[in-house]
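Below: one structure, written as structure tokens.
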Protein chains: 2
Amino acid sequence: MPAMPKPVFLAAGAYTVSLGPGRREFNPRTPRPGLEHYIRSSGEAVLAQISDPGLIDEGVIGNFMAARFNRQGHLGSLMTIVHPALEYKPALRVEGACASGGLALATGIKSVLSGLADVVLVMGVEVQNTVKSLYCADYLAGAGYYAGERKAGPAYFFPGEFSVRAGAYGAMIGPALARQAMARWYKNAVENARLNPAAQEYHNTVPDLLAQGLTPPNPRTFTEHLNLSDCSKVSDGAAAILVASAEGYRRLGLAREDVVEVAGFSQVAANLTTPPPDLTEQTTSRVAATRALAMAGIQAEDAGIFEVHDCFTISGLLSMEALGLAKAGGGAELVLSGATERAGRFPTNTGGGLVGYGHPTGASGVRMAVDLWMQLTGRAGAFQVPVAREHGILASMGGNDKTVVSLVLRR
Amino acid sequence: MPAMPKPVFLAAGAYTVSLGPGRREFNPRTPRPGLEHYIRSSGEAVLAQISDPGLIDEGVIGNFMAARFNRQGHLGSLMTIVHPALEYKPALRVEGACASGGLALATGIKSVLSGLADVVLVMGVEVQNTVKSLYCADYLAGAGYYAGERKAGPAYFFPGEFSVRAGAYGAMIGPALARQAMARWYKNAVENARLNPAAQEYHNTVPDLLAQGLTPPNPRTFTEHLNLSDCSKVSDGAAAILVASAEGYRRLGLAREDVVEVAGFSQVAANLTTPPPDLTEQTTSRVAATRALAMAGIQAEDAGIFEVHDCFTISGLLSMEALGLAKAGGGAELVLSGATERAGRFPTNTGGGLVGYGHPTGASGVRMAVDLWMQLTGRAGAFQVPVAREHGILASMGGNDKTVVSLVLRR
């Protein structure tokens with residue numbers, strides 16, 4: 001894997017509150033802000049950090065399912081509402097299910113590498129609380145093979161898919177151990193979210209999170225191997241960050257300590273119509289991590305901060321293994337050892353992750369980049385951890401491990 | 001506008017039949033092929049022209065509304081069904097309404113410019129004949145500002161939008177002259193389509209196309225200033241082509257005469273939430289054309305073959321003006337002079353265009369590139385024209401002139 005052809009940086013990130021069940025201000029019975037609000041809020045928060053919006057050369061927006069949740073396509077054109085300086089510049093939407101935000105980052109990075117752009121505004125957005133949960137589950141099932149597996153699958157399609165993974169993982173390492181690790185992941189996620197004012201679980205007051213997470217799943221009410229507490233949230237939100245060349249960030253009035261470098265990245269797709277080769281492994285995630293790490297010339301354990309795609313607690317465990325931080329089946333022990341906690345060896349999803357912050361699907365990959373950028377530049381406020389090493393790693397996953405974007409960042 | 005940072009080429013294009021009303025084999029009452037069929041057909045037709053599918057580094061697929069027409073997202077992952085060699089390579093979907101195919105081309109070009117890819121499979125697909133026409137019109141209205149203008153607009157939203165443009169254009173140059181030019185555009189489109197076996201209007205046997213096109217529009221049955229014959233078709237189809245570096249196309253076993261060079265390109269977005277600054281001009285299209293031409297260092301009249309986005313006959317006329325081939329209001333006279341016909345000075349949409357070939361929305365931009373590649377390399381078969389100059393120009397438009405991708409190609 002060759003190194004990055006030229007230096008590329010991330011700068012000036014921001015994200016909105018993840019609005020949805022759990023937030024005190026969320027009321028399912030009153031009108032709520034639409035796509036425009038989230039696009040504008042996250043974009044303006046980025047612009048507030050730079051000298052001149054006119055320096056932005058291009059826009060990329062990740063979005064999964066506004067076509068169904070909001071009947072709105074054409075979000076590249078919609079994102080120009082952020083500032084008149086974007087008018088008549090390139091802007092497009094990219095989509096790869098829940099990896100749409102990750103793809104937006106990869107697309108922005110390639111634009112800078114192409115030499116045609118020095119500063120790209122990369123955004124992700126999703127507004128999902130527009131329909132009842134069964135419809136929501138059906139819309140999100142468009143991340144799977146709709147004409148195939150989805151038609152044969154359960155109404156709550158993705159919880160069902162990852163319940164099958166959790167069952168296979170439990171069969172390999174013992175179901176009690178798997179359940180303990182998933183419960184611990186949930187506890188860590190909510191504890192981190194309680195420190196992040198933008199997180200959906202910021203207001204969570206459950207006294208014994210571990211006990212809640214240890215509840216035996218009930219297939220009659222949800223799925224065989226997952227509880228609702230194992231799931232990421234249905235969320236409205238947006239995140240934005242700049243991708244820039246060295247000349248680009250300097251022109252914006254930023255210094256090297258304000259930005260993080262993209263030391264390596266990868267973008268990997270696998271065949272949507274075939275089942276995963278191994279239910280106990282996120283194979284595509286492993287391929288993506290291996291390539292991004294090789295590009296950066298480091299191992300995963302050389303990094304000091306991590307953002308992984310825990311759409312479900314089980315995918316949190318499998319993601320740590322896919323990064324190479326634990327061997328097959330070792331993700332559970334890793335999490336139970338406390339290594340992924342704030343004070344652990346591998347602080348992971350320190351702002352709450354998808355389980356704790358929330359999962360506005362198209363925004364998540366960008367939100368992860370913002371969290372890493374904040375931690376690596378000391379901007380994470382109440383959820384800041386002391387980052388002991390100079391690298392951070394991001395893994396943004398779409399569908400059942402079918403599209404994965406991985407980034408290695410360096411402060 | 002700087003020149004292309006390095007040479008990029010298009011090669012090995014192909015597209016499917018545009019299936020829909022008008023084709024003899026189209027039967028609205030029997031099941032029809034889905035997305036997979038079109039993706040596979042167009043992709044395999046590209047692969048049949050190259051030495052080794054393993055040389056493809058990356059995939060990009062343009063699609064507008066499979067989320068609603070087919071309940072399917074995540075088409076980057078789906079496009080890997082074309083060949084096992086695509087597994088674990090980058091692939092993503094891009095979307096910008098009816099310019100989605102154009103954006104797929106621009107994204108593939110940028111990937112090659114980034115130095116990370118030497119060969120990119122660029123595809124576009126749409127399967128739209130899955131719902132009744134009023135639903136179809138509502139889905140397509142997601143190319144406009146759904147929460148704003150669309151809610152206030154007519155059921156047949158885009159025909160309504162372009163009817164307003166046709167009315168404004170008629171008010172400027174005289175309604176009879178405008179109607180004559182639109183009728184002539186329709187006649188040219190169908191006559192070209194009758195030479196293209198893949199075109200939706202290939203089977204059209206209407207004896208007097210001009211008389212049909214001259215029918216006065218009836219606002220009680222459709223729109224005030226447009227007839228159904230002024231509209232592009234509702235279509236199922238896909239198109240694919242390779243974007244390659246010089247090293248890339250040589251490795252594929254192709255020679256310089258098999259490929260066309262991208263001499264210039266541009267990608268432009270305008271604010272979705274604001275009305276067009278001038279109803280009688282496609283302003284964004286003009287900006288895009290100006291930039292692509294400047295990058296290539298030519299004027300539009302230096303080119304010998306043209307592909308423009310005639311979603312409606314009126315947008316055909318306005319597109320010729322946006323390219324700079326006629327002054328404001330002069331597009332009608334240009335078309336009536338015969339200049340845009342096969343034997344004219346500026347042969348345009350020689351395979352039928354959106355009105356004649358059909359408009360599988362996400363595929364159209366790529367289909368246009370394939371038609372130009374075929375004409376410039378002498379592969380257009382029954383609809384080949386003698387191309388007197390070495391350049392061809394493409395303009396792919398999304399929504400009401402809100403996203404435009406323009407390419408200047410050189411044989």
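By order in the structure tokens, chains are A, B, ...; within a chain, residues start at 1; ligands start at 1, following the order shown.
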query = Running DSSP on the backbone, which parts of region 37-187 of chain A land in helix (DSSP H, G or I), as a VMD selection string?
reply = chain A and resid 37 to 47 53 to 55 66 to 69 75 to 82 84 to 86 100 to 113 133 to 143 146 to 152 157 to 173 175 to 187
Could you make a table, as JSON lines, of the residues of chain A that have an atom within 6 Å of an atom of chain B, each with its nearest atom pair and distance in Å to one decimal, counting only C-alpha atoms, in chain and number order?
{"residue": "A:Arg71", "atom": "CA", "partner": "B:Gly142", "partner_atom": "CA", "distance": 5.7}
{"residue": "A:Gln72", "atom": "CA", "partner": "B:Gly142", "partner_atom": "CA", "distance": 4.5}
{"residue": "A:Gly73", "atom": "CA", "partner": "B:Gly142", "partner_atom": "CA", "distance": 4.8}
{"residue": "A:His74", "atom": "CA", "partner": "B:Gly96", "partner_atom": "CA", "distance": 4.6}
{"residue": "A:Ser77", "atom": "CA", "partner": "B:Leu272", "partner_atom": "CA", "distance": 5.2}
{"residue": "A:Leu78", "atom": "CA", "partner": "B:Leu272", "partner_atom": "CA", "distance": 5.0}
{"residue": "A:Thr80", "atom": "CA", "partner": "B:Asn271", "partner_atom": "CA", "distance": 5.3}
{"residue": "A:Glu87", "atom": "CA", "partner": "B:Ala270", "partner_atom": "CA", "distance": 5.1}
{"residue": "A:Tyr88", "atom": "CA", "partner": "B:Ala269", "partner_atom": "CA", "distance": 5.0}
{"residue": "A:Lys89", "atom": "CA", "partner": "B:Val268", "partner_atom": "CA", "distance": 5.0}
{"residue": "A:Pro90", "atom": "CA", "partner": "B:Val268", "partner_atom": "CA", "distance": 4.4}
{"residue": "A:Ala91", "atom": "CA", "partner": "B:Ala269", "partner_atom": "CA", "distance": 5.6}
{"residue": "A:Arg93", "atom": "CA", "partner": "B:Glu95", "partner_atom": "CA", "distance": 5.3}
{"residue": "A:Val94", "atom": "CA", "partner": "B:Val94", "partner_atom": "CA", "distance": 4.5}
{"residue": "A:Glu95", "atom": "CA", "partner": "B:Arg93", "partner_atom": "CA", "distance": 5.3}
{"residue": "A:Gly96", "atom": "CA", "partner": "B:His74", "partner_atom": "CA", "distance": 4.6}
{"residue": "A:Ala97", "atom": "CA", "partner": "B:His74", "partner_atom": "CA", "distance": 5.1}
{"residue": "A:Lys110", "atom": "CA", "partner": "B:Ser114", "partner_atom": "CA", "distance": 5.7}
{"residue": "A:Leu113", "atom": "CA", "partner": "B:Ser114", "partner_atom": "CA", "distance": 4.7}
{"residue": "A:Ser114", "atom": "CA", "partner": "B:Ser114", "partner_atom": "CA", "distance": 3.8}
{"residue": "A:Gly142", "atom": "CA", "partner": "B:Gln72", "partner_atom": "CA", "distance": 4.5}
{"residue": "A:Ala143", "atom": "CA", "partner": "B:His74", "partner_atom": "CA", "distance": 5.3}
{"residue": "A:Tyr146", "atom": "CA", "partner": "B:Gln72", "partner_atom": "CA", "distance": 5.8}
{"residue": "A:Gln267", "atom": "CA", "partner": "B:Pro90", "partner_atom": "CA", "distance": 4.9}
{"residue": "A:Val268", "atom": "CA", "partner": "B:Pro90", "partner_atom": "CA", "distance": 4.5}
{"residue": "A:Ala269", "atom": "CA", "partner": "B:Tyr88", "partner_atom": "CA", "distance": 5.0}
{"residue": "A:Ala270", "atom": "CA", "partner": "B:Glu87", "partner_atom": "CA", "distance": 5.1}
{"residue": "A:Asn271", "atom": "CA", "partner": "B:Thr80", "partner_atom": "CA", "distance": 5.3}
{"residue": "A:Leu272", "atom": "CA", "partner": "B:Leu78", "partner_atom": "CA", "distance": 5.0}
Write the residues of the preceding selection, restricted to C-alpha atoms, as a PDB file, in the first residue's frame.
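See again.pdb below for the written result:
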ATOM      1  CA  ARG A  71     -38.732  12.726   0.110  1.00  0.00           C
ATOM      2  CA  GLN A  72     -35.692  14.822  -0.720  1.00  0.00           C
ATOM      3  CA  GLY A  73     -32.872  13.960  -3.120  1.00  0.00           C
ATOM      4  CA  HIS A  74     -30.316  16.316  -4.632  1.00  0.00           C
ATOM      5  CA  SER A  77     -27.536  21.309  -4.317  1.00  0.00           C
ATOM      6  CA  LEU A  78     -29.317  21.667  -0.960  1.00  0.00           C
ATOM      7  CA  THR A  80     -25.216  25.210  -0.774  1.00  0.00           C
ATOM      8  CA  GLU A  87     -23.071  28.873  -5.136  1.00  0.00           C
ATOM      9  CA  TYR A  88     -21.745  27.591  -8.480  1.00  0.00           C
ATOM     10  CA  LYS A  89     -19.073  25.455  -6.858  1.00  0.00           C
ATOM     11  CA  PRO A  90     -19.001  21.653  -7.110  1.00  0.00           C
ATOM     12  CA  ALA A  91     -21.189  19.874  -4.544  1.00  0.00           C
ATOM     13  CA  ARG A  93     -24.155  13.757  -2.381  1.00  0.00           C
ATOM     14  CA  VAL A  94     -22.508  10.392  -1.833  1.00  0.00           C
ATOM     15  CA  GLU A  95     -24.236   7.354  -0.396  1.00  0.00           C
ATOM     16  CA  GLY A  96     -23.187   3.980   0.932  1.00  0.00           C
ATOM     17  CA  ALA A  97     -25.838   3.269   3.547  1.00  0.00           C
ATOM     18  CA  LYS A 110      -9.684  12.347  -3.180  1.00  0.00           C
ATOM     19  CA  LEU A 113      -5.489  14.665  -3.837  1.00  0.00           C
ATOM     20  CA  SER A 114      -6.738  15.393  -7.376  1.00  0.00           C
ATOM     21  CA  GLY A 142     -32.434  -0.454   1.913  1.00  0.00           C
ATOM     22  CA  ALA A 143     -28.845  -0.777   3.181  1.00  0.00           C
ATOM     23  CA  TYR A 146     -33.807  -5.430  -0.643  1.00  0.00           C
ATOM     24  CA  GLN A 267     -12.574   2.640   0.984  1.00  0.00           C
ATOM     25  CA  VAL A 268     -13.812  -0.907   0.477  1.00  0.00           C
ATOM     26  CA  ALA A 269     -17.044  -2.380  -0.912  1.00  0.00           C
ATOM     27  CA  ALA A 270     -18.200  -5.988  -0.807  1.00  0.00           C
ATOM     28  CA  ASN A 271     -20.977  -7.722  -2.730  1.00  0.00           C
ATOM     29  CA  LEU A 272     -24.353  -6.690  -1.299  1.00  0.00           C
TER      30      LEU A 272
END
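Excluding region 338-343 of chain A itself and any same-chain residue fewer than 3 positions from it, the protein and nucleic acid residues within 8 Å of it, counting only C-alpha atoms, are Asn188, Asn192, Leu334, Val335, Phe346, Pro347, Thr348, Thr350 and Val385 of chain A.
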Keeping only N, CA, C and O atoms, write those residues as a compact mmCIF listing (two decimals), in the first residue's frame.
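Written file, again21.txt:
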# COMPACT_ATOMS: atom_id res chain seq x y z
N ASN A 188 -20.29 1.65 28.78
CA ASN A 188 -19.25 2.61 28.38
C ASN A 188 -19.84 3.71 27.49
O ASN A 188 -19.52 4.89 27.62
N ASN A 192 -19.94 7.66 28.40
CA ASN A 192 -19.28 8.67 27.56
C ASN A 192 -20.29 9.72 27.09
O ASN A 192 -20.01 10.91 27.09
N LEU A 334 -11.30 -8.01 25.55
CA LEU A 334 -10.70 -6.67 25.44
C LEU A 334 -11.60 -5.63 26.10
O LEU A 334 -11.15 -4.80 26.90
N VAL A 335 -12.89 -5.68 25.76
CA VAL A 335 -13.84 -4.71 26.31
C VAL A 335 -14.02 -4.92 27.81
O VAL A 335 -14.01 -3.96 28.59
N PHE A 346 -6.97 1.74 24.96
CA PHE A 346 -7.51 2.08 23.63
C PHE A 346 -8.84 2.84 23.76
O PHE A 346 -9.90 2.29 23.47
N PRO A 347 -8.81 4.10 24.18
CA PRO A 347 -10.07 4.83 24.37
C PRO A 347 -10.88 4.88 23.07
O PRO A 347 -10.36 5.31 22.04
N THR A 348 -12.13 4.42 23.15
CA THR A 348 -12.93 4.21 21.93
C THR A 348 -14.29 4.88 22.08
O THR A 348 -14.94 4.76 23.13
N THR A 350 -15.32 7.94 22.49
CA THR A 350 -15.30 8.70 23.75
C THR A 350 -16.42 9.74 23.84
O THR A 350 -16.70 10.24 24.92
N VAL A 385 -10.14 13.11 26.58
CA VAL A 385 -9.26 12.17 27.29
C VAL A 385 -7.83 12.57 26.99
O VAL A 385 -7.56 13.23 25.97
Do a neighbour search on Ala3 (chain B) at 8 Å with only C-alpha atoms, toss out local chain neighbours closer than 4 positions, and write the hits as a CSV table (one decimal) with C-alpha atoms, in the first residue's frame.
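Written out: part20.csv:
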chain,number,residue,atom,x,y,z
B,263,ALA,CA,-9.9,17.7,-22.4
B,264,GLY,CA,-11.9,19.6,-19.7
B,295,MET,CA,-10.3,24.1,-19.2
B,296,ALA,CA,-10.1,22.5,-22.6
B,297,GLY,CA,-9.1,25.8,-24.2
task = Tell me which protein, DNA and RNA residues are within 12 Å of region 250-253 of chain B, counting only C-alpha atoms, leaving out same-chain ones fewer than 5 positions away, and put them as a PyMOL selection string.
result = chain B and resi 9+11-12+46-57+118-120+242-245+258-259
message = Excluding Glu201 (chain A) and its own-chain neighbours fewer than 4 positions away, which residues fall within 10 Å of it when counting only C-alpha atoms? Please give them as number ranges by chain.
response = A: 18-24, 189-197, 205, 233, 352, 355-358
task = Tell me, as a PyMOL selection string, which residues lie within 6 Å of Pro217 (chain A), counting only C-alpha atoms; anything in the same chain fewer than 2 positions away does not count.
result = chain A and resi 224-227
I need the residues from that last selection saved to file as an mmCIF file, in the first residue's frame (with C-alpha atoms), if you can.
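Written out: selection-v2.cif:
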data_model
loop_
_atom_site.group_PDB
_atom_site.id
_atom_site.type_symbol
_atom_site.label_atom_id
_atom_site.label_comp_id
_atom_site.auth_asym_id
_atom_site.auth_seq_id
_atom_site.Cartn_x
_atom_site.Cartn_y
_atom_site.Cartn_z
ATOM 1 C CA GLU A 224 -33.091 -13.412 19.843
ATOM 2 C CA HIS A 225 -29.657 -12.089 20.802
ATOM 3 C CA LEU A 226 -29.976 -8.295 21.045
ATOM 4 C CA ASN A 227 -31.863 -5.927 23.343
#
key: Which of region 24-95 of chain B fall in strand (DSSP E or B), as a PyMOL selection string   = chain B and resi 58-62+89+91-95
Take the residues that were just selected and, keeping N, CA and C atoms, output them as a compact mmCIF listing (two decimals), in the first residue's frame.
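The resulting file, result_5.txt, is reproduced below:
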# COMPACT_ATOMS: atom_id res chain seq x y z
N GLU B 58 -11.62 0.62 -9.20
CA GLU B 58 -12.62 1.31 -8.40
C GLU B 58 -13.93 1.39 -9.18
N GLY B 59 -15.03 1.52 -8.47
CA GLY B 59 -16.34 1.69 -9.12
C GLY B 59 -17.06 2.91 -8.59
N VAL B 60 -17.80 3.57 -9.48
CA VAL B 60 -18.67 4.69 -9.09
C VAL B 60 -20.00 4.48 -9.81
N ILE B 61 -21.10 4.60 -9.09
CA ILE B 61 -22.40 4.42 -9.72
C ILE B 61 -23.30 5.61 -9.44
N GLY B 62 -23.86 6.16 -10.50
CA GLY B 62 -24.82 7.25 -10.38
C GLY B 62 -26.23 6.69 -10.34
N LYS B 89 -12.87 -3.71 -3.49
CA LYS B 89 -12.33 -2.47 -4.06
C LYS B 89 -13.26 -1.32 -3.67
N ALA B 91 -16.06 1.34 -4.04
CA ALA B 91 -17.23 1.55 -4.92
C ALA B 91 -18.21 2.41 -4.15
N LEU B 92 -18.77 3.39 -4.79
CA LEU B 92 -19.76 4.21 -4.11
C LEU B 92 -20.80 4.71 -5.08
N ARG B 93 -21.92 5.10 -4.50
CA ARG B 93 -22.98 5.74 -5.27
C ARG B 93 -22.87 7.25 -5.11
N VAL B 94 -23.08 7.97 -6.20
CA VAL B 94 -23.19 9.42 -6.12
C VAL B 94 -24.56 9.82 -6.66
N GLU B 95 -25.05 10.95 -6.14
CA GLU B 95 -26.40 11.37 -6.54
C GLU B 95 -26.48 12.88 -6.64
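Ranking A:Ala289, A:Val8, A:Ala332, A:Ile39 by their shortest atom-to-atom distance to Gly174 (chain A), with only C-alpha atoms included, puts A:Ala332 first.
For the residues A:Glu321, A:Asp208, A:Asp310, A:Asp371, ranking by smallest atom-to-atom distance to Asp230 (chain A) using only C-alpha atoms places A:Asp310 first.
In this structure, CA of Trp185 (chain B) sits 10.1 Å away from CA of Ser229 (chain B).
Between Ala328 (chain A) and the residues A:Met172, A:Thr313, A:Val408, A:Glu390, the shortest atom-to-atom distance, using only C-alpha atoms, involves A:Met172.
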